[in-house]
file my_file25.cif (mmCIF, C-alpha atoms and all ligand atoms)
data_structure
loop_
_atom_site.label_atom_id
_atom_site.label_comp_id
_atom_site.auth_asym_id
_atom_site.auth_seq_id
_atom_site.Cartn_x
_atom_site.Cartn_y
_atom_site.Cartn_z
CA MET L 1 0.00 0.00 0.00
CA SER L 2 1.29 3.47 -0.81
CA ALA L 3 1.71 6.31 1.65
CA ALA L 4 0.21 9.57 0.37
CA ILE L 5 2.84 12.24 1.09
CA VAL L 6 1.84 15.90 1.14
CA SER L 7 3.69 19.14 1.77
CA PRO L 8 3.46 22.79 0.72
CA ARG L 9 4.83 23.49 -2.75
CA LEU L 10 7.49 25.84 -1.42
CA MET L 11 8.94 26.47 2.03
CA LEU L 12 11.48 29.19 2.78
CA VAL L 13 13.30 28.09 5.92
CA GLY L 14 15.86 30.09 7.86
CA GLY L 15 16.57 33.30 9.78
CA GLY L 16 15.36 36.41 7.95
CA SER L 17 13.41 34.45 5.32
CA VAL L 18 10.30 36.56 5.89
CA LYS L 19 12.11 39.36 4.05
CA GLU L 20 11.74 37.25 0.89
CA LEU L 21 7.96 37.13 1.15
CA ALA L 22 7.23 39.40 -1.81
CA GLY L 23 9.43 37.31 -4.08
CA MET L 24 7.58 34.22 -2.98
CA LEU L 25 4.22 35.78 -3.86
CA ALA L 26 5.59 36.85 -7.24
CA LYS L 27 6.64 33.27 -8.01
CA PHE L 28 3.00 32.26 -7.73
CA GLY L 29 1.68 35.34 -9.53
CA LEU L 30 -0.03 36.59 -6.36
CA SER L 31 -0.32 40.28 -5.51
CA ARG L 32 -3.49 40.93 -3.47
CA PRO L 33 -3.00 39.24 -0.09
CA LEU L 34 -5.22 39.39 2.95
CA VAL L 35 -2.99 38.98 6.01
CA VAL L 36 -4.77 37.01 8.75
CA THR L 37 -3.19 37.63 12.13
CA ASP L 38 -4.10 38.28 15.77
CA PRO L 39 -4.55 41.50 17.74
CA TYR L 40 -1.26 41.03 19.62
CA MET L 41 0.71 40.94 16.35
CA VAL L 42 -0.79 44.29 15.36
CA ARG L 43 -0.43 45.88 18.83
CA SER L 44 3.16 44.76 19.24
CA GLY L 45 4.13 45.79 15.72
CA LEU L 46 5.32 42.25 14.89
CA VAL L 47 3.00 42.19 11.90
CA ARG L 48 5.26 44.80 10.28
CA ARG L 49 7.79 41.99 9.73
CA CYS L 50 5.29 40.63 7.23
CA LEU L 51 3.86 43.89 5.88
CA ASP L 52 7.14 45.79 5.37
CA PRO L 53 8.64 43.49 2.73
CA LEU L 54 5.31 43.50 0.91
CA GLU L 55 5.07 47.30 0.97
CA ALA L 56 8.67 47.59 -0.23
CA ALA L 57 7.61 45.55 -3.28
CA GLY L 58 4.59 47.78 -3.87
CA ILE L 59 2.03 45.37 -2.42
CA ALA L 60 -0.53 46.98 -0.12
CA ALA L 61 -1.85 44.09 1.96
CA ALA L 62 -5.13 44.23 3.83
CA VAL L 63 -5.14 42.93 7.40
CA PHE L 64 -7.80 40.84 9.20
CA SER L 65 -6.79 40.68 12.86
CA ASP L 66 -10.06 39.78 14.57
CA THR L 67 -8.84 36.25 15.23
CA VAL L 68 -8.92 34.50 18.61
CA PRO L 69 -6.68 31.87 20.19
CA GLU L 70 -8.12 28.42 19.44
CA PRO L 71 -10.22 29.79 16.55
CA THR L 72 -14.02 29.63 16.56
CA ASP L 73 -16.60 29.12 13.83
CA THR L 74 -17.96 32.63 14.41
CA VAL L 75 -14.58 34.19 13.58
CA ILE L 76 -14.33 32.01 10.47
CA ASP L 77 -17.81 33.17 9.40
CA ALA L 78 -16.72 36.80 9.59
CA GLY L 79 -13.45 36.08 7.80
CA ALA L 80 -15.10 34.07 5.02
CA ALA L 81 -17.55 36.92 4.43
CA LEU L 82 -14.57 39.20 3.80
CA LEU L 83 -13.26 36.82 1.15
CA GLN L 84 -16.59 36.67 -0.61
CA ALA L 85 -16.17 40.33 -1.56
CA GLY L 86 -13.56 39.02 -4.01
CA LEU L 87 -10.84 41.61 -3.42
CA TYR L 88 -8.02 39.18 -2.64
CA ASP L 89 -6.03 36.50 -4.45
CA CYS L 90 -4.38 34.80 -1.44
CA LEU L 91 -4.32 34.62 2.35
CA ILE L 92 -1.23 35.01 4.49
CA GLY L 93 -1.62 33.38 7.90
CA PHE L 94 0.84 35.24 10.15
CA GLY L 95 1.08 34.19 13.80
CA GLY L 96 0.80 31.08 15.87
CA GLY L 97 -1.36 28.13 14.90
CA SER L 98 -4.53 30.09 15.60
CA PRO L 99 -4.22 32.73 12.84
CA ILE L 100 -2.82 30.15 10.41
CA ASP L 101 -5.71 27.78 11.10
CA THR L 102 -8.13 30.70 10.77
CA ALA L 103 -6.76 31.55 7.32
CA LYS L 104 -7.06 27.91 6.21
CA ALA L 105 -10.63 27.60 7.47
CA MET L 106 -11.68 30.92 5.89
CA SER L 107 -10.50 29.65 2.53
CA ILE L 108 -12.29 26.29 2.90
CA LEU L 109 -15.54 27.87 4.07
CA ALA L 110 -15.65 30.67 1.48
CA HIS L 111 -15.07 28.14 -1.28
CA GLY L 112 -17.57 25.69 0.18
CA ARG L 113 -20.24 28.37 0.24
CA ALA L 114 -19.53 29.46 -3.33
CA ALA L 115 -19.59 25.84 -4.52
CA GLY L 116 -22.71 24.93 -2.50
CA ALA L 117 -20.68 22.33 -0.59
CA GLY L 118 -21.45 23.63 2.89
CA SER L 119 -22.32 26.79 4.72
CA HIS L 120 -20.95 26.16 8.21
CA MET L 121 -17.52 25.02 9.36
CA ARG L 122 -19.03 21.85 10.84
CA ASP L 123 -20.01 20.76 7.32
CA PHE L 124 -16.30 20.13 6.72
CA LYS L 125 -15.26 18.30 9.89
CA VAL L 126 -13.87 14.77 9.82
CA PRO L 127 -14.78 12.27 8.45
CA VAL L 128 -15.61 14.70 5.59
CA GLN L 129 -12.55 15.22 3.37
CA ALA L 130 -12.02 18.99 3.06
CA ASP L 131 -9.98 18.78 -0.12
CA ALA L 132 -11.25 21.89 -1.86
CA ALA L 133 -10.29 25.42 -0.93
CA GLY L 134 -10.61 28.76 -2.59
CA LEU L 135 -7.71 31.12 -2.13
CA PRO L 136 -4.24 29.70 -1.53
CA VAL L 137 -2.76 30.13 1.95
CA ILE L 138 0.81 31.15 2.70
CA ALA L 139 1.65 30.30 6.30
CA ILE L 140 4.17 32.22 8.38
CA PRO L 141 4.43 30.74 11.89
CA THR L 142 5.59 32.90 14.78
CA THR L 143 5.54 30.08 17.34
CA ALA L 144 7.62 26.90 17.16
CA GLY L 145 4.77 24.56 17.82
CA THR L 146 1.81 23.54 15.75
CA GLY L 147 3.55 22.83 12.43
CA SER L 148 0.30 24.07 10.87
CA GLU L 149 2.42 25.69 8.14
CA ALA L 150 2.98 22.19 6.74
CA THR L 151 -0.18 20.31 7.65
CA ARG L 152 -3.44 19.39 5.96
CA PHE L 153 -5.41 20.21 9.12
CA THR L 154 -7.20 23.08 10.74
CA VAL L 155 -8.83 22.94 14.16
CA ILE L 156 -11.94 25.08 14.70
CA THR L 157 -14.25 25.26 17.72
CA ASP L 158 -17.98 24.76 17.14
CA THR L 159 -19.29 27.38 19.57
CA GLU L 160 -22.85 26.02 19.65
CA ARG L 161 -21.82 22.44 20.42
CA GLY L 162 -18.73 23.22 22.52
CA GLU L 163 -16.58 20.97 20.35
CA LYS L 164 -13.12 21.47 18.88
CA MET L 165 -13.52 20.13 15.35
CA LEU L 166 -10.75 18.60 13.28
CA ILE L 167 -10.96 19.59 9.62
CA ALA L 168 -8.68 17.58 7.37
CA GLY L 169 -7.90 17.58 3.69
CA LEU L 170 -5.83 19.12 0.94
CA GLY L 171 -7.93 22.28 1.25
CA ALA L 172 -6.16 22.96 4.55
CA LEU L 173 -2.64 22.44 3.20
CA PRO L 174 -0.82 25.76 2.66
CA LEU L 175 0.47 26.50 -0.81
CA ALA L 176 3.70 27.77 0.73
CA ALA L 177 5.31 28.58 4.06
CA VAL L 178 7.94 30.94 5.43
CA VAL L 179 9.62 29.41 8.47
CA ASP L 180 11.74 32.12 10.05
CA TYR L 181 12.86 31.39 13.62
CA GLU L 182 13.74 35.06 14.14
CA LEU L 183 10.00 35.67 14.52
CA THR L 184 9.96 33.56 17.70
CA PHE L 185 12.37 35.50 19.97
CA THR L 186 9.46 37.40 21.54
CA VAL L 187 7.42 34.30 22.41
CA PRO L 188 6.86 34.33 26.21
CA LYS L 189 8.18 31.47 28.33
CA ARG L 190 4.85 29.79 28.98
CA ILE L 191 4.00 29.76 25.27
CA THR L 192 7.52 28.57 24.36
CA ALA L 193 6.98 25.59 26.66
CA ASP L 194 3.44 24.78 25.57
CA THR L 195 4.08 25.09 21.85
CA GLY L 196 7.34 23.14 22.20
CA VAL L 197 5.60 20.23 23.92
CA ASP L 198 2.91 20.42 21.23
CA SER L 199 5.52 19.76 18.57
CA LEU L 200 7.17 17.01 20.62
CA THR L 201 3.74 15.39 20.90
CA HIS L 202 3.23 15.65 17.13
CA ALA L 203 6.53 13.91 16.46
CA LEU L 204 6.04 11.18 19.06
CA GLU L 205 2.44 10.45 18.07
CA ALA L 206 3.34 10.43 14.35
CA TYR L 207 6.09 7.92 15.10
CA VAL L 208 4.04 5.49 17.18
CA SER L 209 0.84 5.93 15.15
CA ARG L 210 -0.67 2.94 13.36
CA ARG L 211 -0.48 5.13 10.26
CA ALA L 212 3.26 5.76 10.46
CA ASN L 213 5.26 5.08 7.30
CA PRO L 214 8.95 5.22 6.40
CA TYR L 215 8.72 8.83 5.23
CA SER L 216 6.89 10.15 8.29
CA ASP L 217 9.36 8.20 10.47
CA THR L 218 12.34 10.13 9.09
CA GLN L 219 10.67 13.45 9.85
CA ALA L 220 9.42 12.37 13.28
CA LEU L 221 12.79 11.07 14.44
CA ALA L 222 14.61 14.18 13.22
CA ALA L 223 12.05 16.39 14.96
CA MET L 224 12.32 14.49 18.25
CA ALA L 225 16.11 14.86 18.23
CA LEU L 226 15.91 18.62 17.61
CA ILE L 227 13.17 19.28 20.13
CA GLY L 228 14.61 16.96 22.80
CA ALA L 229 17.96 18.71 22.64
CA ASN L 230 16.65 22.29 22.54
CA LEU L 231 13.29 22.76 24.24
CA ARG L 232 14.63 23.33 27.74
CA THR L 233 17.21 25.81 26.42
CA ALA L 234 14.65 27.78 24.40
CA TYR L 235 12.46 27.92 27.52
CA ALA L 236 15.27 29.06 29.84
CA GLU L 237 17.03 31.37 27.37
CA PRO L 238 14.53 33.08 25.06
CA ASP L 239 17.30 34.83 23.11
CA ASN L 240 19.27 31.68 22.38
CA ALA L 241 19.30 31.73 18.57
CA PRO L 242 20.54 28.17 17.93
CA ALA L 243 17.87 26.78 20.28
CA ARG L 244 15.11 28.88 18.69
CA GLU L 245 16.27 27.84 15.23
CA ALA L 246 16.33 24.16 16.15
CA MET L 247 12.86 24.39 17.73
CA MET L 248 11.40 26.08 14.63
CA LEU L 249 12.84 23.41 12.34
CA GLY L 250 11.77 20.66 14.73
CA ALA L 251 8.22 22.01 14.90
CA MET L 252 8.02 22.14 11.11
CA GLN L 253 9.36 18.60 10.74
CA ALA L 254 6.97 17.37 13.41
CA GLY L 255 4.14 18.95 11.40
CA ILE L 256 5.34 17.20 8.25
CA ALA L 257 5.57 13.96 10.22
CA PHE L 258 2.04 13.95 11.60
CA THR L 259 0.35 15.28 8.49
CA ASN L 260 1.80 12.29 6.64
CA SER L 261 1.05 9.87 9.49
CA SER L 262 -1.41 11.04 12.12
CA VAL L 263 -1.72 12.19 15.67
CA ALA L 264 -3.19 9.78 18.20
CA LEU L 265 -4.65 9.51 21.68
CA VAL L 266 -3.01 12.59 23.25
CA HIS L 267 -4.54 14.85 20.61
CA GLY L 268 -7.85 13.01 20.70
CA MET L 269 -8.11 13.67 24.46
CA SER L 270 -6.60 17.14 24.29
CA ARG L 271 -9.14 18.83 22.01
CA PRO L 272 -12.12 18.21 24.36
CA ILE L 273 -10.15 19.75 27.27
CA GLY L 274 -9.46 22.80 25.13
CA ALA L 275 -13.08 23.14 24.08
CA ALA L 276 -14.52 22.69 27.59
CA PHE L 277 -11.99 24.56 29.72
CA HIS L 278 -10.16 26.88 27.31
CA VAL L 279 -6.78 25.36 28.01
CA PRO L 280 -4.31 26.33 25.25
CA HIS L 281 -3.75 23.41 22.90
CA GLY L 282 -0.08 22.80 23.68
CA LEU L 283 -0.69 22.98 27.41
CA SER L 284 -3.49 20.39 27.38
CA ASN L 285 -1.23 18.14 25.32
CA ALA L 286 1.52 18.56 27.90
CA MET L 287 -0.85 17.72 30.77
CA LEU L 288 -1.77 14.47 29.02
CA LEU L 289 1.51 13.38 27.45
CA PRO L 290 3.19 11.37 30.26
CA ALA L 291 0.10 9.36 31.27
CA ILE L 292 -1.08 8.66 27.74
CA THR L 293 2.44 7.60 26.70
CA ARG L 294 2.65 5.24 29.66
CA PHE L 295 -0.73 3.75 28.70
CA GLY L 296 0.54 2.76 25.23
CA LEU L 297 4.11 1.68 26.00
CA GLU L 298 3.67 -2.07 25.82
CA ALA L 299 1.74 -1.96 22.57
CA ALA L 300 4.68 -0.45 20.64
CA GLN L 301 7.69 -1.01 22.85
CA ALA L 302 10.35 -0.85 20.15
CA ARG L 303 8.99 2.39 18.72
CA TYR L 304 8.60 4.13 22.07
CA ALA L 305 12.13 3.01 22.98
CA GLN L 306 13.53 4.44 19.75
CA ALA L 307 11.68 7.69 20.45
CA ALA L 308 13.24 7.81 23.94
CA ARG L 309 16.72 7.48 22.42
CA HIS L 310 16.09 10.23 19.88
CA ILE L 311 14.64 12.65 22.40
CA GLY L 312 17.67 12.00 24.58
CA PHE L 313 15.93 10.34 27.52
CA ALA L 314 17.68 7.00 26.89
CA LEU L 315 21.12 6.02 25.65
CA PRO L 316 21.59 4.33 22.26
CA GLY L 317 22.45 0.87 23.62
CA GLU L 318 19.83 0.66 26.37
CA PRO L 319 17.29 -2.19 26.07
CA ASP L 320 13.76 -1.33 24.98
CA GLY L 321 12.21 -2.04 28.38
CA VAL L 322 14.58 0.37 30.11
CA ALA L 323 14.25 3.02 27.39
CA THR L 324 10.44 3.04 27.50
CA GLU L 325 10.41 3.53 31.28
CA LYS L 326 12.86 6.39 30.82
CA LEU L 327 10.54 7.88 28.19
CA ALA L 328 7.53 8.03 30.49
CA ASP L 329 9.63 9.30 33.41
CA GLY L 330 11.44 11.77 31.17
CA LEU L 331 8.20 13.28 29.87
CA ALA L 332 6.92 13.71 33.43
CA GLN L 333 10.21 15.36 34.42
CA LEU L 334 10.07 17.60 31.35
CA ASN L 335 6.65 18.82 32.48
CA ARG L 336 8.10 19.66 35.89
CA ASP L 337 11.06 21.47 34.31
CA LEU L 338 8.69 23.47 32.09
CA ASP L 339 6.35 24.25 35.01
CA VAL L 340 3.36 22.59 33.34
CA PRO L 341 0.41 22.83 35.72
CA THR L 342 -2.06 20.03 36.43
CA PRO L 343 -5.65 20.71 35.30
CA GLY L 344 -6.45 21.75 38.89
CA GLY L 345 -3.34 23.92 39.02
CA PHE L 346 -4.52 25.61 35.82
CA GLY L 347 -7.71 26.59 37.65
CA ILE L 348 -10.18 23.99 36.42
CA ASP L 349 -12.85 23.12 38.97
CA LYS L 350 -12.84 19.43 39.98
CA ALA L 351 -16.63 19.10 39.86
CA ALA L 352 -16.71 20.65 36.38
CA TRP L 353 -13.95 18.28 35.23
CA ASP L 354 -15.76 15.22 36.59
CA ALA L 355 -19.08 16.31 35.12
CA ARG L 356 -17.49 16.57 31.69
CA LEU L 357 -15.58 13.27 31.66
CA GLU L 358 -18.13 11.22 29.70
CA VAL L 359 -18.65 13.89 27.03
CA MET L 360 -14.90 14.48 26.69
CA ALA L 361 -14.33 10.75 26.23
CA GLU L 362 -17.07 10.59 23.59
CA GLN L 363 -15.66 13.59 21.72
CA ALA L 364 -12.17 12.11 21.88
CA LEU L 365 -13.36 8.84 20.33
CA ALA L 366 -15.48 10.63 17.70
CA SER L 367 -12.43 12.58 16.46
CA GLY L 368 -10.92 9.31 15.22
CA SER L 369 -7.47 10.11 16.66
CA PRO L 370 -7.55 7.46 19.44
CA ALA L 371 -7.96 4.75 16.78
CA ASN L 372 -4.44 5.58 15.55
CA ASN L 373 -2.90 4.93 18.97
CA PRO L 374 -0.75 1.83 19.42
CA ARG L 375 -3.12 0.79 22.21
CA VAL L 376 -6.67 1.73 21.25
CA PRO L 377 -8.64 2.68 24.37
CA SER L 378 -12.27 2.04 25.25
CA LYS L 379 -14.42 4.92 26.44
CA ALA L 380 -14.04 3.71 30.05
CA GLU L 381 -10.26 3.68 29.68
CA ILE L 382 -10.29 7.25 28.36
CA VAL L 383 -12.36 8.35 31.36
CA ALA L 384 -9.88 6.59 33.66
CA LEU L 385 -6.96 8.30 31.91
CA TYR L 386 -8.58 11.73 32.38
CA GLN L 387 -8.81 10.87 36.09
CA VAL L 388 -5.11 9.97 36.23
CA VAL L 389 -4.27 13.26 34.51
CA TRP L 390 -6.36 15.13 37.05
CA SER L 391 -4.46 13.50 39.91
CA GLY L 392 -1.18 14.73 38.44
CA ASN L 393 0.24 11.35 39.43
CA GLN L 394 1.91 10.48 36.17
P1 LIG B 401 -1.69 30.73 19.24
O1 LIG B 401 -1.61 30.96 17.80
O2 LIG B 401 -3.07 30.59 19.83
O3 LIG B 401 -0.90 31.87 20.00
C1 LIG B 401 -0.83 31.85 21.42
C2 LIG B 401 -0.40 33.22 21.91
O4 LIG B 401 0.94 33.46 21.54
C3 LIG B 401 -1.22 34.38 21.32
O5 LIG B 401 -1.53 35.26 22.35
C4 LIG B 401 -0.27 35.00 20.32
O6 LIG B 401 -0.51 36.37 20.13
C5 LIG B 401 1.06 34.75 20.99
N1 LIG B 401 2.19 34.75 20.06
C6 LIG B 401 2.31 34.09 18.90
N2 LIG B 401 3.50 34.33 18.34
C7 LIG B 401 4.15 35.20 19.16
C8 LIG B 401 5.42 35.84 19.12
N3 LIG B 401 6.28 35.62 18.12
N4 LIG B 401 5.75 36.66 20.13
C9 LIG B 401 4.90 36.86 21.16
N5 LIG B 401 3.69 36.30 21.27
C10 LIG B 401 3.32 35.46 20.27
O7 LIG B 401 -0.87 29.43 19.72
P2 LIG B 401 -0.30 28.16 18.96
O8 LIG B 401 -0.02 27.18 20.02
O9 LIG B 401 0.76 28.50 18.02
O10 LIG B 401 -1.55 27.63 18.11
C11 LIG B 401 -2.59 26.95 18.75
C12 LIG B 401 -3.68 26.61 17.76
O11 LIG B 401 -3.16 25.78 16.72
C13 LIG B 401 -4.80 25.83 18.40
O12 LIG B 401 -6.04 26.31 17.94
C14 LIG B 401 -4.56 24.41 17.94
O13 LIG B 401 -5.73 23.62 17.92
C15 LIG B 401 -4.00 24.64 16.56
N6 LIG B 401 -3.20 23.54 16.01
C16 LIG B 401 -3.30 23.34 14.67
C17 LIG B 401 -2.58 22.33 14.08
C18 LIG B 401 -2.71 22.11 12.61
O14 LIG B 401 -2.13 21.19 12.06
N7 LIG B 401 -3.47 22.90 11.92
C19 LIG B 401 -1.71 21.55 14.84
C20 LIG B 401 -1.62 21.80 16.20
C21 LIG B 401 -2.35 22.81 16.78
#

call {"tool": "encode", "arguments": {"input": "my_file25.cif", "output": "structure tokens"}}
result
Amino acid sequence: MSAAIVSPRLMLVGGGSVKELAGMLAKFGLSRPLVVTDPYMVRSGLVRRCLDPLEAAGIAAAVFSDTVPEPTDTVIDAGAALLQAGLYDCLIGFGGGSPIDTAKAMSILAHGRAAGAGSHMRDFKVPVQADAAGLPVIAIPTTAGTGSEATRFTVITDTERGEKMLIAGLGALPLAAVVDYELTFTVPKRITADTGVDSLTHALEAYVSRRANPYSDTQALAAMALIGANLRTAYAEPDNAPAREAMMLGAMQAGIAFTNSSVALVHGMSRPIGAAFHVPHGLSNAMLLPAITRFGLEAAQARYAQAARHIGFALPGEPDGVATEKLADGLAQLNRDLDVPTPGGFGIDKAAWDARLEVMAEQALASGSPANNPRVPSKAEIVALYQVVWSGNQ
């Protein structure tokens, strides 16, 4: 059976590459971009790093900055309406995963409406294949985390149903990406940690997934080595250029890995926490990662052991059984080093958590991600895992 490998058509990778943005647009014959970003990028002036090179080339870009972290269907509705006016020929998603995912979803929804294929974002959620999109998206990440610049996914919250929906298909794959680690120096410590663990989770889940293939393995292992060696440094020393560069490359490779394999149980259980309790995506992944990894260890011992060696938790010659224990312990220690709170420490109310367990487990299973896990859980096992995560006893 073949593995279907996808990636953007062009990726500019390296410090200062955002300065080449206008040339990239010209290559594709694009000249009327709508920049999709968030209010912080505008307030802080960071968006100028994207707008200045465009202006210098005579391109006056419009800006849509009414995006929110963990994007919602209502924001996508407003954004898609802007596109329907027909003034633009591409979207530039500039920011963390939230603005990039917003740009992707706007393109899918605007096209879906025009083509009569759907009028609401939920019309495109998995298992629907969202392969069609209208305007091409150029992704410029400013966090080293989601890998969204290289993935065929966008994650949008259904505000009526309180569900974080996974939308998957070629329609969500950017045409091109600019991956410039110099945009990440200003990322605050908490977000450096959360986004970094997000990318580590992508790489690990892609590697142990039932849908892993030889190509995704190369990307996942490379990403784990980069992230394992550099995440703590990037967290402790925000201005450390080699660490920031390695994290940006690792996040991108982790994105390539999971878009060509899949994510698994951590992501399946993470999205419902985000939707119910507004925990940032990377942070909910981090809360789950040690316990969910421990749950699957025996079902894919050799793979988990290899992951432990690449991340740097285990030595090359150590037997699989030793390496897998070191992986689970190492992930728990990493959370302590990165000051990852428990759900209670984050401020979630215990009664609210308990009341939501059944629904979260159902949403996790419905997303399809748990079915890719080396050990596929039942609903009762997912509920039990949420309880372990609450206890913080990982
Ligand atoms: P984010 O985009 O929500 O940004 C988090 C915060 O960091 C925001 O306040 C933002 O303004 C700030 N920020 C971003 N870049 C900064 C910078 N350079 N300097 C200072 N502050 C900066 O966070 P994220 O973790 O990058 O993205 C999370 C979203 O991505 C979630 O919605 C998640 O579901 C989604 N996601 C998508 C994919 C995918 O494949 N499409 C994969 C994983 C996660």

call {"tool": "residues_around", "arguments": {"input": "my_file25.cif", "residues": "Lys350 in chain L", "least_positions_apart": "5", "cutoff": "12 Å", "atoms": "only C-alpha atoms", "output": "PyMOL selection string"}}
result
chain L and resi 277+342-345+355-357+386-387+389-391

call {"tool": "residues_near_ligand", "arguments": {"input": "my_file25.cif", "ligand": "ligand LIG 401 (chain B)", "cutoff": "6 Å", "atoms": "only C-alpha atoms and all ligand atoms", "output": "PyMOL selection string"}}
result
chain L and resi 38+40+69-71+95-99+101+142-143+145-148+151+153-155+183-184+186-188+195+281-282

call {"tool": "write_last_selection", "arguments": {"input": "my_file25.cif", "atoms": "C-alpha atoms", "output": "mmCIF file, keeping the file's coordinate frame"}}
result
data_model
loop_
_atom_site.group_PDB
_atom_site.id
_atom_site.type_symbol
_atom_site.label_atom_id
_atom_site.label_comp_id
_atom_site.auth_asym_id
_atom_site.auth_seq_id
_atom_site.Cartn_x
_atom_site.Cartn_y
_atom_site.Cartn_z
ATOM 1 C CA ASP L 38 -4.100 38.280 15.770
ATOM 2 C CA TYR L 40 -1.260 41.030 19.620
ATOM 3 C CA PRO L 69 -6.680 31.870 20.190
ATOM 4 C CA GLU L 70 -8.120 28.420 19.440
ATOM 5 C CA PRO L 71 -10.220 29.790 16.550
ATOM 6 C CA GLY L 95 1.080 34.190 13.800
ATOM 7 C CA GLY L 96 0.800 31.080 15.870
ATOM 8 C CA GLY L 97 -1.360 28.130 14.900
ATOM 9 C CA SER L 98 -4.530 30.090 15.600
ATOM 10 C CA PRO L 99 -4.220 32.730 12.840
ATOM 11 C CA ASP L 101 -5.710 27.780 11.100
ATOM 12 C CA THR L 142 5.590 32.900 14.780
ATOM 13 C CA THR L 143 5.540 30.080 17.340
ATOM 14 C CA GLY L 145 4.770 24.560 17.820
ATOM 15 C CA THR L 146 1.810 23.540 15.750
ATOM 16 C CA GLY L 147 3.550 22.830 12.430
ATOM 17 C CA SER L 148 0.300 24.070 10.870
ATOM 18 C CA THR L 151 -0.180 20.310 7.650
ATOM 19 C CA PHE L 153 -5.410 20.210 9.120
ATOM 20 C CA THR L 154 -7.200 23.080 10.740
ATOM 21 C CA VAL L 155 -8.830 22.940 14.160
ATOM 22 C CA LEU L 183 10.000 35.670 14.520
ATOM 23 C CA THR L 184 9.960 33.560 17.700
ATOM 24 C CA THR L 186 9.460 37.400 21.540
ATOM 25 C CA VAL L 187 7.420 34.300 22.410
ATOM 26 C CA PRO L 188 6.860 34.330 26.210
ATOM 27 C CA THR L 195 4.080 25.090 21.850
ATOM 28 C CA HIS L 281 -3.750 23.410 22.900
ATOM 29 C CA GLY L 282 -0.080 22.800 23.680
#

call {"tool": "residues_near_point", "arguments": {"input": "my_file25.cif", "point": "(1.8, 28.9, 2.5)", "cutoff": "7 Å", "atoms": "only C-alpha atoms", "output": "ChimeraX atom specification"}}
result
/L:8,137-139,149,174-177

call {"tool": "closest_residue", "arguments": {"input": "my_file25.cif", "among": "L:Ile140, L:Ile292, L:Val359, L:Leu231", "to": "Lys189 in chain L", "atoms": "all atoms listed in the file"}}
result
L:Leu231

call {"tool": "closest_residue", "arguments": {"input": "my_file25.cif", "among": "L:Val6, L:Ala144, L:Ala302, L:Leu54", "to": "Pro374 in chain L", "atoms": "all atoms listed in the file"}}
result
L:Ala302

call {"tool": "closest_residue", "arguments": {"input": "my_file25.cif", "among": "L:His111, L:Lys164, L:His267, L:Arg9", "to": "Leu200 in chain L", "atoms": "only C-alpha atoms"}}
result
L:His267

call {"tool": "closest_residue", "arguments": {"input": "my_file25.cif", "among": "L:Val263, L:Asp180, L:Ala203, L:Arg152", "to": "Ala241 in chain L", "atoms": "all atoms listed in the file"}}
result
L:Asp180

call {"tool": "residues_around", "arguments": {"input": "my_file25.cif", "residues": "Gly171 in chain L", "least_positions_apart": "6", "cutoff": "6 Å", "atoms": "only C-alpha atoms", "output": "tab-separated table (two decimals) with C-alpha atoms, keeping the file's coordinate frame"}}
result
chain	number	residue	atom	x	y	z
L	130	ALA	CA	-12.02	18.99	3.06
L	131	ASP	CA	-9.98	18.78	-0.12
L	132	ALA	CA	-11.25	21.89	-1.86
L	133	ALA	CA	-10.29	25.42	-0.93

call {"tool": "residues_around", "arguments": {"input": "my_file25.cif", "residues": "Ser2 in chain L", "least_positions_apart": "2", "cutoff": "10 Å", "atoms": "only C-alpha atoms", "output": "PDB file with C-alpha atoms, in the frame of the given file"}}
result
ATOM      1  CA  ALA L   4       0.210   9.570   0.370  1.00  0.00           C
ATOM      2  CA  ILE L   5       2.840  12.240   1.090  1.00  0.00           C
ATOM      3  CA  ASN L 213       5.260   5.080   7.300  1.00  0.00           C
TER       4      ASN L 213
END
